[in-house]
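As C-alpha cells, the structure follows; a few thoughts come after it.
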Amino acid sequence: MRFLLTKTTAVLALSLACAGLAHATALDQFKAFVAGTKAARGEFTQRQVKKADAGKTAAPSSGTFVFARPGKFIWTYVKPYEQLLQADGEQLYIYDKDLNQVTTKKLGDALGSSPAAILFGSNDLEKNFTLTEAGTRDGLEWLNAAPKGKDSQFEQISIGLRNGTPEAMELRDAFGQTSILAFKKFEKNPPLTATQFKFVIPKGADVVNN
C-alpha cells in the first residue's frame, strides 16, 4: 500500500510540475532552461527574411548543434552547403568545406551580446541583455532579449519556448533582415565526451587568424 501511495504521489507531483511549466511565463521558462541545461544537442532549420522583400524568404539552411556551457559548441550546417562553427571555450573556428579554409577568432567577449550567448554562454544573461515578455504566438511563449552592448549587430533577439525548451529564435539585425530558426529533437544534458569540442584542422586546409 505504501508503494502505491508513493508512486501515485510521485506521478501527481510530476504532473503538477509539468502543468506549472507549461503555463509559466516565457521569462520563467527561459530562466529555468538556462539554470537547468548545462549541455544540449539537436537539429535546426534557418531561413532569412528581408524586410524590403515583404516577407519573402531565402532558401532555408539546416543542420545540427551541440553545446556545453559556457562557450563550447559545434554548429554544423549540412544543407544547402556544408559549414562548421566550433568553439572550445577559448577559440572560435569557422570551417568552409568547399574552400577548405578555417578562420579562427578569439571567443572572448564576442560571445557576450551575440545570439550564441542565449544558448551557449554563461548563466549571467541579464548582464548582456534586457529581457522582456513578448506574449503568445504560434503556440509558444515568447521572450524578447535586447542586447545592452552597442557593438552587437542584432537589434533584438526573440525566443519562443514550450514546456521550458526553446523551439524557435528570431534574430533581427540593423539592416532590416530577420533570421528565423526552428529547433527540433532538442535533448537536454546528453552525455558528452571531454574532447568533443576540440577542433582538428582538416588536412591541407588554409588557416586565417583574425
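Ligands are numbered from 1 in the order shown, residues from 1 within each chain, and chains are lettered A, B, ... in the order they appear in the C-alpha cells.
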Which parts of range 52-136 of chain A does DSSP call strand (DSSP E or B) when run on the backbone here, written out as a short mmCIF file (atom, residue, chain, number, x, y, z; two decimals) with all heavy atoms, in the first residue's frame?
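Result went into out-v1.cif, see below:
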data_model
loop_
_atom_site.label_atom_id
_atom_site.label_comp_id
_atom_site.auth_asym_id
_atom_site.auth_seq_id
_atom_site.Cartn_x
_atom_site.Cartn_y
_atom_site.Cartn_z
N THR A 57 11.35 34.86 -48.34
CA THR A 57 12.43 34.19 -47.63
C THR A 57 13.40 33.54 -48.59
O THR A 57 13.04 33.12 -49.69
CB THR A 57 11.88 33.10 -46.69
OG1 THR A 57 11.19 32.11 -47.47
CG2 THR A 57 10.92 33.69 -45.68
N SER A 61 18.36 26.86 -44.57
CA SER A 61 19.52 26.05 -44.23
C SER A 61 19.11 25.09 -43.11
O SER A 61 18.13 25.34 -42.40
CB SER A 61 20.68 26.92 -43.74
OG SER A 61 21.03 27.90 -44.69
N SER A 62 19.85 24.02 -42.96
CA SER A 62 19.54 23.07 -41.89
C SER A 62 20.80 22.38 -41.43
O SER A 62 21.81 22.34 -42.15
CB SER A 62 18.51 22.04 -42.36
OG SER A 62 19.03 21.27 -43.45
N GLY A 63 20.74 21.85 -40.23
CA GLY A 63 21.92 21.17 -39.70
C GLY A 63 21.70 20.70 -38.28
O GLY A 63 20.56 20.51 -37.83
N THR A 64 22.79 20.54 -37.55
CA THR A 64 22.75 20.02 -36.19
C THR A 64 23.56 20.93 -35.26
O THR A 64 24.39 21.72 -35.71
CB THR A 64 23.34 18.60 -36.11
OG1 THR A 64 24.73 18.65 -36.49
CG2 THR A 64 22.59 17.65 -37.04
N PHE A 65 23.31 20.80 -33.97
CA PHE A 65 24.07 21.56 -32.98
C PHE A 65 24.29 20.72 -31.73
O PHE A 65 23.52 19.81 -31.42
CB PHE A 65 23.36 22.87 -32.61
CG PHE A 65 22.08 22.68 -31.85
CD1 PHE A 65 22.07 22.58 -30.46
CD2 PHE A 65 20.86 22.59 -32.53
CE1 PHE A 65 20.88 22.39 -29.76
CE2 PHE A 65 19.67 22.41 -31.84
CZ PHE A 65 19.67 22.30 -30.46
N VAL A 66 25.35 21.05 -31.02
CA VAL A 66 25.61 20.50 -29.70
C VAL A 66 26.35 21.57 -28.92
O VAL A 66 27.18 22.29 -29.49
CB VAL A 66 26.42 19.18 -29.77
CG1 VAL A 66 27.75 19.39 -30.50
CG2 VAL A 66 26.67 18.61 -28.38
N PHE A 67 26.04 21.74 -27.64
CA PHE A 67 26.74 22.76 -26.86
C PHE A 67 26.91 22.31 -25.41
O PHE A 67 26.18 21.45 -24.91
CB PHE A 67 26.03 24.11 -26.91
CG PHE A 67 24.75 24.20 -26.12
CD1 PHE A 67 24.76 24.47 -24.76
CD2 PHE A 67 23.52 24.07 -26.76
CE1 PHE A 67 23.57 24.57 -24.03
CE2 PHE A 67 22.33 24.18 -26.05
CZ PHE A 67 22.36 24.42 -24.68
N ALA A 68 27.91 22.90 -24.77
CA ALA A 68 28.15 22.72 -23.34
C ALA A 68 28.53 24.08 -22.78
O ALA A 68 29.45 24.72 -23.30
CB ALA A 68 29.25 21.69 -23.08
N LYS A 72 31.20 26.45 -25.29
CA LYS A 72 31.63 25.31 -26.10
C LYS A 72 30.46 24.87 -26.97
O LYS A 72 29.38 24.59 -26.46
CB LYS A 72 32.10 24.15 -25.23
CG LYS A 72 33.33 24.47 -24.38
CD LYS A 72 33.73 23.27 -23.54
CE LYS A 72 34.96 23.60 -22.70
NZ LYS A 72 35.37 22.45 -21.84
N PHE A 73 30.68 24.83 -28.28
CA PHE A 73 29.59 24.41 -29.15
C PHE A 73 30.11 23.95 -30.51
O PHE A 73 31.21 24.30 -30.92
CB PHE A 73 28.56 25.53 -29.34
CG PHE A 73 29.09 26.80 -29.94
CD1 PHE A 73 29.14 26.98 -31.32
CD2 PHE A 73 29.50 27.85 -29.13
CE1 PHE A 73 29.62 28.16 -31.88
CE2 PHE A 73 29.98 29.03 -29.68
CZ PHE A 73 30.04 29.19 -31.05
N ILE A 74 29.27 23.18 -31.17
CA ILE A 74 29.50 22.75 -32.55
C ILE A 74 28.20 23.00 -33.31
O ILE A 74 27.18 22.36 -33.03
CB ILE A 74 29.89 21.27 -32.64
CG1 ILE A 74 31.13 20.99 -31.80
CG2 ILE A 74 30.15 20.87 -34.10
CD1 ILE A 74 31.46 19.50 -31.68
N TRP A 75 28.24 23.95 -34.23
CA TRP A 75 27.05 24.33 -35.02
C TRP A 75 27.37 23.95 -36.46
O TRP A 75 28.22 24.57 -37.09
CB TRP A 75 26.80 25.82 -34.86
CG TRP A 75 25.52 26.31 -35.48
CD1 TRP A 75 25.34 26.71 -36.77
CD2 TRP A 75 24.25 26.47 -34.83
NE1 TRP A 75 24.04 27.11 -36.96
CE2 TRP A 75 23.36 26.98 -35.79
CE3 TRP A 75 23.80 26.24 -33.52
CZ2 TRP A 75 22.03 27.25 -35.49
CZ3 TRP A 75 22.48 26.52 -33.22
CH2 TRP A 75 21.60 27.02 -34.19
N THR A 76 26.69 22.93 -36.98
CA THR A 76 27.02 22.37 -38.28
C THR A 76 25.91 22.60 -39.29
O THR A 76 24.78 22.14 -39.11
CB THR A 76 27.26 20.85 -38.15
OG1 THR A 76 28.24 20.60 -37.14
CG2 THR A 76 27.75 20.28 -39.48
N TYR A 77 26.23 23.35 -40.34
CA TYR A 77 25.31 23.49 -41.47
C TYR A 77 25.54 22.32 -42.42
O TYR A 77 26.67 22.06 -42.84
CB TYR A 77 25.57 24.80 -42.23
CG TYR A 77 25.12 26.04 -41.50
CD1 TYR A 77 26.02 26.79 -40.74
CD2 TYR A 77 23.80 26.48 -41.58
CE1 TYR A 77 25.61 27.94 -40.06
CE2 TYR A 77 23.38 27.62 -40.91
CZ TYR A 77 24.29 28.35 -40.16
OH TYR A 77 23.89 29.48 -39.49
N VAL A 78 24.46 21.63 -42.75
CA VAL A 78 24.54 20.48 -43.65
C VAL A 78 23.99 20.83 -45.03
O VAL A 78 24.55 20.46 -46.06
CB VAL A 78 23.77 19.27 -43.06
CG1 VAL A 78 23.80 18.09 -44.03
CG2 VAL A 78 24.37 18.87 -41.71
N LYS A 79 22.88 21.56 -45.06
CA LYS A 79 22.25 21.99 -46.31
C LYS A 79 22.02 23.48 -46.27
O LYS A 79 21.78 24.04 -45.20
CB LYS A 79 20.92 21.26 -46.51
CG LYS A 79 21.04 19.76 -46.69
CD LYS A 79 19.66 19.13 -46.86
CE LYS A 79 19.76 17.63 -47.03
NZ LYS A 79 18.42 17.01 -47.17
N GLN A 83 29.09 23.88 -43.69
CA GLN A 83 29.93 24.83 -42.97
C GLN A 83 29.88 24.48 -41.48
O GLN A 83 28.84 24.02 -40.98
CB GLN A 83 29.47 26.27 -43.17
CG GLN A 83 30.43 27.31 -42.58
CD GLN A 83 29.95 28.74 -42.78
OE1 GLN A 83 28.80 29.04 -42.48
NE2 GLN A 83 30.80 29.60 -43.28
N LEU A 84 30.99 24.69 -40.80
CA LEU A 84 31.08 24.32 -39.39
C LEU A 84 31.53 25.51 -38.56
O LEU A 84 32.49 26.19 -38.91
CB LEU A 84 32.09 23.17 -39.23
CG LEU A 84 32.43 22.74 -37.80
CD1 LEU A 84 31.23 22.06 -37.16
CD2 LEU A 84 33.64 21.80 -37.80
N LEU A 85 30.82 25.78 -37.48
CA LEU A 85 31.23 26.75 -36.48
C LEU A 85 31.46 25.98 -35.18
O LEU A 85 30.54 25.31 -34.69
CB LEU A 85 30.17 27.84 -36.27
CG LEU A 85 30.01 28.89 -37.37
CD1 LEU A 85 29.22 28.32 -38.54
CD2 LEU A 85 29.30 30.11 -36.82
N GLN A 86 32.67 26.06 -34.67
CA GLN A 86 33.00 25.28 -33.49
C GLN A 86 33.81 26.12 -32.51
O GLN A 86 34.72 26.85 -32.89
CB GLN A 86 33.80 24.03 -33.88
CG GLN A 86 34.10 23.10 -32.71
CD GLN A 86 34.57 21.73 -33.17
OE1 GLN A 86 34.19 21.28 -34.27
NE2 GLN A 86 35.36 21.06 -32.36
N ALA A 87 33.47 26.03 -31.23
CA ALA A 87 34.17 26.78 -30.18
C ALA A 87 34.53 25.84 -29.05
O ALA A 87 33.74 24.98 -28.65
CB ALA A 87 33.30 27.92 -29.66
N ASP A 88 35.75 26.02 -28.54
CA ASP A 88 36.23 25.17 -27.46
C ASP A 88 36.27 25.88 -26.12
O ASP A 88 36.88 25.42 -25.16
CB ASP A 88 37.62 24.61 -27.79
CG ASP A 88 38.66 25.71 -28.03
OD1 ASP A 88 38.35 26.89 -27.75
OD2 ASP A 88 39.76 25.39 -28.50
N GLN A 91 38.61 29.57 -28.32
CA GLN A 91 38.73 29.91 -29.74
C GLN A 91 37.47 29.51 -30.50
O GLN A 91 36.83 28.51 -30.18
CB GLN A 91 39.93 29.19 -30.36
CG GLN A 91 41.29 29.63 -29.83
CD GLN A 91 41.75 30.95 -30.41
OE1 GLN A 91 41.34 31.34 -31.50
NE2 GLN A 91 42.61 31.65 -29.69
N LEU A 92 37.14 30.33 -31.51
CA LEU A 92 36.06 30.01 -32.43
C LEU A 92 36.67 29.65 -33.77
O LEU A 92 37.53 30.38 -34.29
CB LEU A 92 35.12 31.21 -32.58
CG LEU A 92 34.05 31.10 -33.69
CD1 LEU A 92 33.07 29.98 -33.37
CD2 LEU A 92 33.30 32.43 -33.85
N TYR A 93 36.26 28.53 -34.34
CA TYR A 93 36.75 28.05 -35.63
C TYR A 93 35.57 28.00 -36.61
O TYR A 93 34.53 27.44 -36.30
CB TYR A 93 37.35 26.65 -35.51
CG TYR A 93 38.48 26.56 -34.52
CD1 TYR A 93 38.23 26.29 -33.17
CD2 TYR A 93 39.81 26.74 -34.92
CE1 TYR A 93 39.26 26.20 -32.25
CE2 TYR A 93 40.86 26.65 -34.00
CZ TYR A 93 40.56 26.38 -32.68
OH TYR A 93 41.59 26.30 -31.75
N ILE A 94 35.77 28.61 -37.77
CA ILE A 94 34.76 28.58 -38.83
C ILE A 94 35.37 27.85 -40.02
O ILE A 94 36.34 28.33 -40.61
CB ILE A 94 34.32 30.00 -39.22
CG1 ILE A 94 33.82 30.76 -38.00
CG2 ILE A 94 33.24 29.94 -40.30
CD1 ILE A 94 33.54 32.23 -38.25
N TYR A 95 34.80 26.71 -40.36
CA TYR A 95 35.37 25.88 -41.43
C TYR A 95 34.42 25.83 -42.62
O TYR A 95 33.28 25.41 -42.51
CB TYR A 95 35.64 24.47 -40.92
CG TYR A 95 36.09 23.50 -41.99
CD1 TYR A 95 37.19 23.80 -42.80
CD2 TYR A 95 35.44 22.29 -42.19
CE1 TYR A 95 37.61 22.92 -43.78
CE2 TYR A 95 35.86 21.40 -43.17
CZ TYR A 95 36.94 21.72 -43.97
OH TYR A 95 37.37 20.85 -44.95
N ASP A 96 34.92 26.31 -43.76
CA ASP A 96 34.18 26.24 -45.02
C ASP A 96 34.73 25.05 -45.80
O ASP A 96 35.87 25.09 -46.26
CB ASP A 96 34.36 27.54 -45.80
CG ASP A 96 33.44 27.61 -47.02
OD1 ASP A 96 33.41 26.62 -47.80
OD2 ASP A 96 32.76 28.63 -47.19
N GLN A 101 38.90 26.01 -45.97
CA GLN A 101 39.51 27.13 -45.25
C GLN A 101 38.96 27.21 -43.83
O GLN A 101 37.75 27.07 -43.61
CB GLN A 101 39.24 28.44 -45.98
CG GLN A 101 39.89 29.66 -45.33
CD GLN A 101 39.55 30.94 -46.08
OE1 GLN A 101 38.46 31.50 -45.93
NE2 GLN A 101 40.47 31.38 -46.92
N VAL A 102 39.85 27.45 -42.88
CA VAL A 102 39.48 27.61 -41.48
C VAL A 102 39.81 29.03 -41.05
O VAL A 102 40.93 29.50 -41.22
CB VAL A 102 40.24 26.62 -40.58
CG1 VAL A 102 39.88 26.86 -39.11
CG2 VAL A 102 39.92 25.18 -40.97
N THR A 103 38.82 29.73 -40.50
CA THR A 103 39.03 31.05 -39.92
C THR A 103 38.94 30.93 -38.41
O THR A 103 37.98 30.34 -37.89
CB THR A 103 37.97 32.05 -40.41
OG1 THR A 103 38.03 32.13 -41.85
CG2 THR A 103 38.22 33.43 -39.83
N THR A 104 39.94 31.44 -37.69
CA THR A 104 39.94 31.35 -36.24
C THR A 104 39.80 32.73 -35.62
O THR A 104 40.32 33.72 -36.14
CB THR A 104 41.24 30.69 -35.72
OG1 THR A 104 42.34 31.58 -35.95
CG2 THR A 104 41.50 29.38 -36.44
N LYS A 105 39.08 32.79 -34.51
CA LYS A 105 38.89 34.03 -33.76
C LYS A 105 38.92 33.71 -32.27
O LYS A 105 38.54 32.61 -31.85
CB LYS A 105 37.54 34.68 -34.10
CG LYS A 105 37.35 35.02 -35.56
CD LYS A 105 35.97 35.65 -35.79
CE LYS A 105 35.75 36.01 -37.24
NZ LYS A 105 34.42 36.63 -37.48
N LYS A 106 39.36 34.68 -31.48
CA LYS A 106 39.27 34.52 -30.03
C LYS A 106 37.82 34.68 -29.61
O LYS A 106 37.15 35.63 -30.01
CB LYS A 106 40.15 35.55 -29.31
CG LYS A 106 41.64 35.21 -29.37
CD LYS A 106 42.42 36.08 -28.41
CE LYS A 106 43.88 35.66 -28.36
NZ LYS A 106 44.05 34.31 -27.83
N PHE A 129 21.82 41.35 -21.73
CA PHE A 129 20.55 41.51 -22.43
C PHE A 129 19.49 42.07 -21.48
O PHE A 129 19.48 41.78 -20.29
CB PHE A 129 20.04 40.16 -22.95
CG PHE A 129 20.91 39.52 -23.99
CD1 PHE A 129 21.91 38.63 -23.62
CD2 PHE A 129 20.74 39.80 -25.33
CE1 PHE A 129 22.72 38.03 -24.57
CE2 PHE A 129 21.53 39.21 -26.29
CZ PHE A 129 22.53 38.33 -25.92
N THR A 130 18.58 42.87 -22.06
CA THR A 130 17.37 43.28 -21.35
C THR A 130 16.26 42.32 -21.77
O THR A 130 15.90 42.26 -22.95
CB THR A 130 16.98 44.73 -21.70
OG1 THR A 130 18.05 45.59 -21.31
CG2 THR A 130 15.72 45.13 -20.97
N LEU A 131 15.71 41.57 -20.83
CA LEU A 131 14.73 40.52 -21.13
C LEU A 131 13.32 41.01 -20.81
O LEU A 131 13.06 41.51 -19.72
CB LEU A 131 15.04 39.26 -20.31
CG LEU A 131 16.46 38.69 -20.46
CD1 LEU A 131 16.65 37.49 -19.53
CD2 LEU A 131 16.73 38.28 -21.90
N THR A 132 12.40 40.85 -21.76
CA THR A 132 11.01 41.25 -21.56
C THR A 132 10.07 40.21 -22.17
O THR A 132 10.41 39.54 -23.14
CB THR A 132 10.71 42.62 -22.22
OG1 THR A 132 11.06 42.57 -23.61
CG2 THR A 132 11.50 43.72 -21.54
N GLU A 133 8.88 40.10 -21.59
CA GLU A 133 7.86 39.19 -22.11
C GLU A 133 7.34 39.69 -23.46
O GLU A 133 7.23 40.90 -23.68
CB GLU A 133 6.70 39.07 -21.13
CG GLU A 133 7.05 38.48 -19.77
CD GLU A 133 7.26 36.98 -19.82
OE1 GLU A 133 6.86 36.35 -20.82
OE2 GLU A 133 7.83 36.43 -18.85
N ALA A 134 7.01 38.76 -24.36
CA ALA A 134 6.53 39.15 -25.69
C ALA A 134 5.25 38.42 -26.08
O ALA A 134 4.91 38.34 -27.27
CB ALA A 134 7.61 38.90 -26.73
N GLY A 135 4.54 37.85 -25.10
CA GLY A 135 3.23 37.26 -25.37
C GLY A 135 3.29 35.86 -25.98
O GLY A 135 4.34 35.23 -26.06
N THR A 136 2.14 35.40 -26.43
CA THR A 136 1.99 34.06 -27.00
C THR A 136 1.76 34.16 -28.50
O THR A 136 0.97 34.99 -28.97
CB THR A 136 0.81 33.32 -26.36
OG1 THR A 136 1.01 33.25 -24.94
CG2 THR A 136 0.67 31.91 -26.91
#
Tell me which protein, DNA and RNA residues are within 8 Å of range 43-52 of chain A, counting only C-alpha atoms, leaving out same-chain ones fewer than 5 positions away, and put them as a list in words.
Thr57, Ala58, Ala59, Pro60, Ser61, Ser62, Gly63, Thr64, Phe65, Gly176, Gln177, Thr178, Ser179, Ile180, Leu181, Ala182, Phe183, Lys184, Lys185 and Phe186 of chain A
Would you work out the distance separating CA of Phe120 in chain A from CA of Ala205 in chain A, expressed in Å to one decimal?
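Rounded to one decimal, the two atoms are 26.7 Å apart.
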CA of Lys38 in chain A and CA of Pro70 in chain A, how far apart in Å?
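Atom-to-atom, CA of Pro70 in chain A and CA of Lys38 in chain A are spaced 8.1 Å apart.
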Would you give me, as a ChimeraX atom specification, the residues in range 58-140 of chain A that DSSP reads as helix (DSSP H, G or I)?
/A:108-111,116-120,125-127
What is the distance, in Å and to one decimal place, between CA of Lys188 in chain A and CA of Ile118 in chain A?
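Result for CA of Lys188 in chain A versus CA of Ile118 in chain A: 14.8 Å, one decimal.
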Return the single residue from A:Ala194, A:Ile159, A:Phe154, A:Lys203 that is closest to Ala174 in chain A, with distances computed using only C-alpha atoms.
A:Phe154
